[in-house]
file start.cif (mmCIF, C-alpha atoms)
data_coords
#
loop_
_atom_site.label_atom_id
_atom_site.label_comp_id
_atom_site.auth_asym_id
_atom_site.auth_seq_id
_atom_site.Cartn_x
_atom_site.Cartn_y
_atom_site.Cartn_z
CA MET A 1 96.90 36.39 85.13
CA PHE A 2 100.52 35.94 86.19
CA ILE A 3 101.08 36.19 89.94
CA PRO A 4 104.59 34.95 90.80
CA ARG A 5 105.19 33.01 93.99
CA ARG A 6 108.62 34.44 94.86
CA TRP A 7 109.45 38.10 95.40
CA ARG A 8 112.71 39.76 96.43
CA ARG A 9 113.45 43.41 97.11
CA ALA A 10 116.70 45.21 96.32
CA THR A 11 117.51 48.70 97.63
CA ARG A 12 120.32 51.13 96.99
CA THR A 13 121.08 54.81 97.20
CA ALA A 14 121.80 56.64 93.95
CA ARG A 15 123.03 60.18 93.36
CA ARG A 16 121.26 62.52 90.95
CA PRO A 17 123.42 64.78 88.74
CA ASP A 18 122.65 67.69 91.09
CA GLY A 19 124.19 65.74 94.01
CA ARG A 20 120.97 64.79 95.81
CA GLU A 21 120.79 61.21 97.02
CA VAL A 22 117.73 59.09 96.36
CA GLU A 23 116.87 55.79 98.07
CA LEU A 24 115.67 53.35 95.41
CA THR A 25 113.80 50.05 95.68
CA ALA A 26 113.14 47.51 92.97
CA TRP A 27 111.26 44.24 93.20
CA GLY A 28 112.12 41.06 91.36
CA TRP A 29 109.87 38.07 90.86
CA SER A 30 109.96 34.43 89.92
CA SER A 31 107.70 31.44 89.76
CA GLY A 32 110.79 29.35 90.42
CA ASP A 33 113.25 30.03 93.20
CA GLY A 34 114.32 33.05 95.19
CA ARG A 35 117.67 33.33 93.38
CA GLU A 36 115.92 34.13 90.12
CA ALA A 37 113.76 36.74 91.87
CA GLU A 38 116.85 38.25 93.53
CA GLY A 39 118.63 38.44 90.16
CA LYS A 40 115.67 40.19 88.56
CA ALA A 41 115.45 42.65 91.49
CA GLN A 42 119.16 43.50 91.14
CA GLU A 43 118.81 43.87 87.37
CA ARG A 44 115.80 46.18 87.71
CA LEU A 45 117.57 48.18 90.45
CA ALA A 46 120.66 48.65 88.27
CA SER A 47 118.46 50.02 85.48
CA LEU A 48 116.72 52.36 87.92
CA VAL A 49 120.05 53.59 89.33
CA ALA A 50 121.29 54.32 85.80
CA ARG A 51 118.14 56.39 85.09
CA VAL A 52 118.54 58.41 88.30
CA GLU A 53 122.27 59.00 87.81
CA ALA A 54 121.58 60.16 84.24
CA GLY A 55 119.00 62.64 85.54
CA ASP A 56 116.01 60.97 83.89
CA ASP A 57 112.58 61.48 85.44
CA PHE A 58 110.61 58.67 87.01
CA PRO A 59 107.58 57.58 85.00
CA HIS A 60 104.33 58.99 86.38
CA ARG A 61 102.61 55.64 85.92
CA TYR A 62 103.30 52.26 84.47
CA PRO A 63 101.34 50.77 81.59
CA TYR A 64 98.65 48.32 82.68
CA GLY A 65 100.01 44.78 82.57
CA ALA A 66 103.65 45.89 82.33
CA ARG A 67 104.62 43.84 85.36
CA PRO A 68 103.02 41.10 87.43
CA LEU A 69 100.90 41.71 90.49
CA ARG A 70 102.60 41.42 93.87
CA GLU A 71 99.82 39.61 95.69
CA GLU A 72 99.54 36.61 97.96
CA VAL A 73 98.44 33.36 96.37
CA VAL A 74 95.77 32.12 98.76
CA GLU A 75 94.58 29.21 96.70
CA GLU A 76 95.47 28.24 93.19
CA ILE A 77 93.06 26.82 90.67
CA ARG A 78 94.36 26.67 87.12
CA SER A 79 92.75 29.98 86.21
CA ALA A 80 91.82 33.54 87.68
CA ARG A 81 89.88 35.56 90.61
CA LEU A 82 87.08 34.03 92.72
CA THR A 83 86.51 36.80 95.27
CA PRO A 84 85.04 40.29 94.84
CA LYS A 85 87.34 43.18 94.17
CA PRO A 86 87.63 45.07 97.47
CA TRP A 87 86.10 48.31 96.21
CA ARG A 88 82.99 46.42 95.06
CA CYS A 89 82.32 45.53 98.71
CA GLY A 90 82.96 48.99 100.09
CA GLN A 91 86.52 48.18 101.17
CA GLY A 92 89.67 50.04 100.26
CA VAL A 93 92.75 48.48 98.75
CA ALA A 94 94.71 46.16 101.03
CA PRO A 95 97.32 48.02 103.10
CA GLY A 96 100.96 47.72 102.15
CA GLN A 97 102.22 45.48 99.42
CA HIS A 98 102.99 41.80 99.27
CA PRO A 99 105.25 40.44 100.59
CA ARG A 100 104.73 42.12 103.94
CA GLU A 101 108.05 41.61 105.66
CA ASP A 102 107.37 42.97 109.14
CA ALA A 103 104.96 41.84 111.85
CA GLU A 104 103.16 45.20 111.93
CA GLY A 105 102.43 45.06 108.18
CA GLN A 106 101.22 41.47 108.48
CA ALA A 107 98.94 42.38 111.40
CA GLU A 108 97.54 45.40 109.54
CA PHE A 109 96.82 43.19 106.53
CA ALA A 110 95.15 40.57 108.76
CA ARG A 111 92.81 43.26 110.15
CA TRP A 112 92.01 44.45 106.62
CA ARG A 113 91.39 40.86 105.45
CA ASP A 114 88.96 40.27 108.34
CA ALA A 115 87.02 43.43 107.42
CA TYR A 116 87.09 42.48 103.72
CA GLU A 117 85.81 38.97 104.39
CA GLY A 118 83.03 40.42 106.56
CA ALA A 119 82.06 42.86 103.80
CA CYS A 120 81.96 39.98 101.28
CA ALA A 121 79.89 37.68 103.48
CA ASP A 122 76.57 38.63 101.93
CA LYS A 123 77.74 39.15 98.32
CA ALA A 124 78.18 36.94 95.27
CA VAL A 125 80.83 37.45 92.60
CA CYS A 126 78.77 36.08 89.73
CA ARG A 127 75.39 34.50 89.11
CA TRP A 128 74.55 31.31 87.27
CA LEU A 129 72.07 32.05 84.52
CA GLU A 130 71.79 28.89 82.45
CA ASP A 131 73.59 25.85 81.11
CA VAL A 132 74.33 25.75 77.41
CA GLY A 133 75.78 23.00 75.26
CA TRP A 134 75.65 19.26 75.78
CA GLY A 135 74.79 19.38 79.46
CA ARG A 136 77.85 17.31 80.42
CA VAL A 137 80.94 18.51 82.27
CA HIS A 138 84.28 16.75 81.72
CA ALA A 139 85.47 14.83 84.79
CA GLU A 140 88.68 16.92 85.08
CA VAL A 141 86.74 20.17 84.86
CA ARG A 142 83.95 19.26 87.30
CA PRO A 143 85.96 19.87 90.55
CA ILE A 144 87.18 23.22 89.22
CA LEU A 145 83.66 24.26 88.22
CA GLU A 146 82.28 23.19 91.60
CA ARG A 147 85.00 25.10 93.45
CA HIS A 148 84.33 28.14 91.28
CA ASP A 149 80.58 28.07 91.91
CA GLN A 150 81.10 27.56 95.65
CA ALA A 151 83.66 30.36 95.99
CA THR A 152 81.75 32.86 93.83
CA ARG A 153 78.41 31.86 95.36
CA ALA A 154 77.00 31.76 91.84
CA ALA A 155 73.91 29.72 92.77
CA GLU A 156 72.92 31.89 95.76
CA ALA A 157 70.37 34.69 95.55
CA LEU A 158 72.75 37.39 96.80
CA PRO A 159 73.54 40.87 95.50
CA LEU A 160 76.55 40.95 93.22
CA ALA A 161 79.72 42.64 94.41
#

call {"tool": "encode", "arguments": {"input": "start.cif", "output": "structure tokens"}}
result
Amino acid sequence: MFIPRRWRRATRTARRPDGREVELTAWGWSSGDGREAEGKAQERLASLVARVEAGDDFPHRYPYGARPLREEVVEEIRSARLTPKPWRCGQGVAPGQHPREDAEGQAEFARWRDAYEGACADKAVCRWLEDVGWGRVHAEVRPILERHDQATRAAEALPLA
């Protein structure tokens, strides 16, 4: 899963052929620096402005996987998700979108995160069933496997989220 570290927002007003003005926002991303993210945001915004000025409709939805997720990176381990999806713990989707640029949005997210963590407290993400293979774990993989099992609570007798 690709979750870039840098995000930049570009905004601009565009005029539809009928004269109505529309405020547009486009996000750009980068795993490198902010300049690359800013460039991508401007490029995406220019494309969006051209669509609006030509009178094209906005898409009703985007294809799954068409763009990266705009989420915080809390901890990075070479591969994927170690916490339950919010709706599997009875929580709604996190408020707002990352990056949250104002203090109110950050505070609202902090309240949601506290509720989410409370809802996850008595749930496991996966369950260990059995070992297969040689019974040995490579030294470089062992810390990742241990972190995975700890974070997902795989060895605990908890209901799955």

call {"tool": "resolve_selection", "arguments": {"input": "start.cif", "expression": "the PyMOL selection byres ((chain A and resi 45) around 12)", "output": "ChimeraX atom specification"}}
result
/A:8-14,23-28,38-44,46-52

call {"tool": "axis_aligned_box", "arguments": {"input": "start.cif", "around": "range 139-143 of chain A", "padding_each_side": "8 Å", "output": "lines of an AutoDock Vina configuration file"}}
result
center_x = 86.3
center_y = 17.5
center_z = 87.7
size_x = 20.7
size_y = 21.3
size_z = 21.8

call {"tool": "atom_distance", "arguments": {"input": "start.cif", "atom1": "CA of Arg111 in chain A", "atom2": "CA of Pro86 in chain A"}}
result
13.8 Å

call {"tool": "closest_residue", "arguments": {"input": "start.cif", "among": "A:Arg61, A:Arg35, A:Arg70, A:Arg136", "to": "Arg5 in chain A", "atoms": "all atoms listed in the file"}}
result
A:Arg70

call {"tool": "atom_distance", "arguments": {"input": "start.cif", "atom1": "CA of Leu145 in chain A", "atom2": "CA of Asp131 in chain A"}}
result
12.4 Å

call {"tool": "atom_distance", "arguments": {"input": "start.cif", "atom1": "CA of Val137 in chain A", "atom2": "CA of Glu156 in chain A"}}
result
20.6 Å

call {"tool": "closest_residue", "arguments": {"input": "start.cif", "among": "A:Ala66, A:Ala37, A:Ala161, A:Ile3", "to": "Ala124 in chain A", "atoms": "all atoms listed in the file"}}
result
A:Ala161

call {"tool": "resolve_selection", "arguments": {"input": "start.cif", "expression": "the PyMOL selection byres ((chain A and resi 99-107) around 8)", "output": "number ranges by chain"}}
result
A: 7, 70-72, 95-98, 108-111

call {"tool": "residues_near_point", "arguments": {"input": "start.cif", "point": "(100.1, 37.2, 89.8)", "cutoff": "6 Å", "atoms": "all atoms listed in the file", "output": "count of residues only"}}
result
6

call {"tool": "residues_near_point", "arguments": {"input": "start.cif", "point": "(76.7, 45.6, 99.3)", "cutoff": "8 Å", "atoms": "only C-alpha atoms", "output": "list in words"}}
result
Arg88, Cys89, Gly90, Ala119, Cys120, Asp122, Lys123, Pro159, Leu160 and Ala161 of chain A

call {"tool": "closest_residue", "arguments": {"input": "start.cif", "among": "A:Ala155, A:Leu129, A:Ala94, A:Val74", "to": "Asp114 in chain A", "atoms": "all atoms listed in the file"}}
result
A:Ala94

call {"tool": "residues_around", "arguments": {"input": "start.cif", "residues": "Val125 in chain A", "least_positions_apart": "3", "cutoff": "9 Å", "atoms": "all atoms listed in the file", "output": "ChimeraX atom specification"}}
result
/A:82-85,151-154,159-161

call {"tool": "closest_residue", "arguments": {"input": "start.cif", "among": "A:Asp149, A:Asp57, A:Arg6, A:Leu158", "to": "Ser31 in chain A", "atoms": "only C-alpha atoms"}}
result
A:Arg6
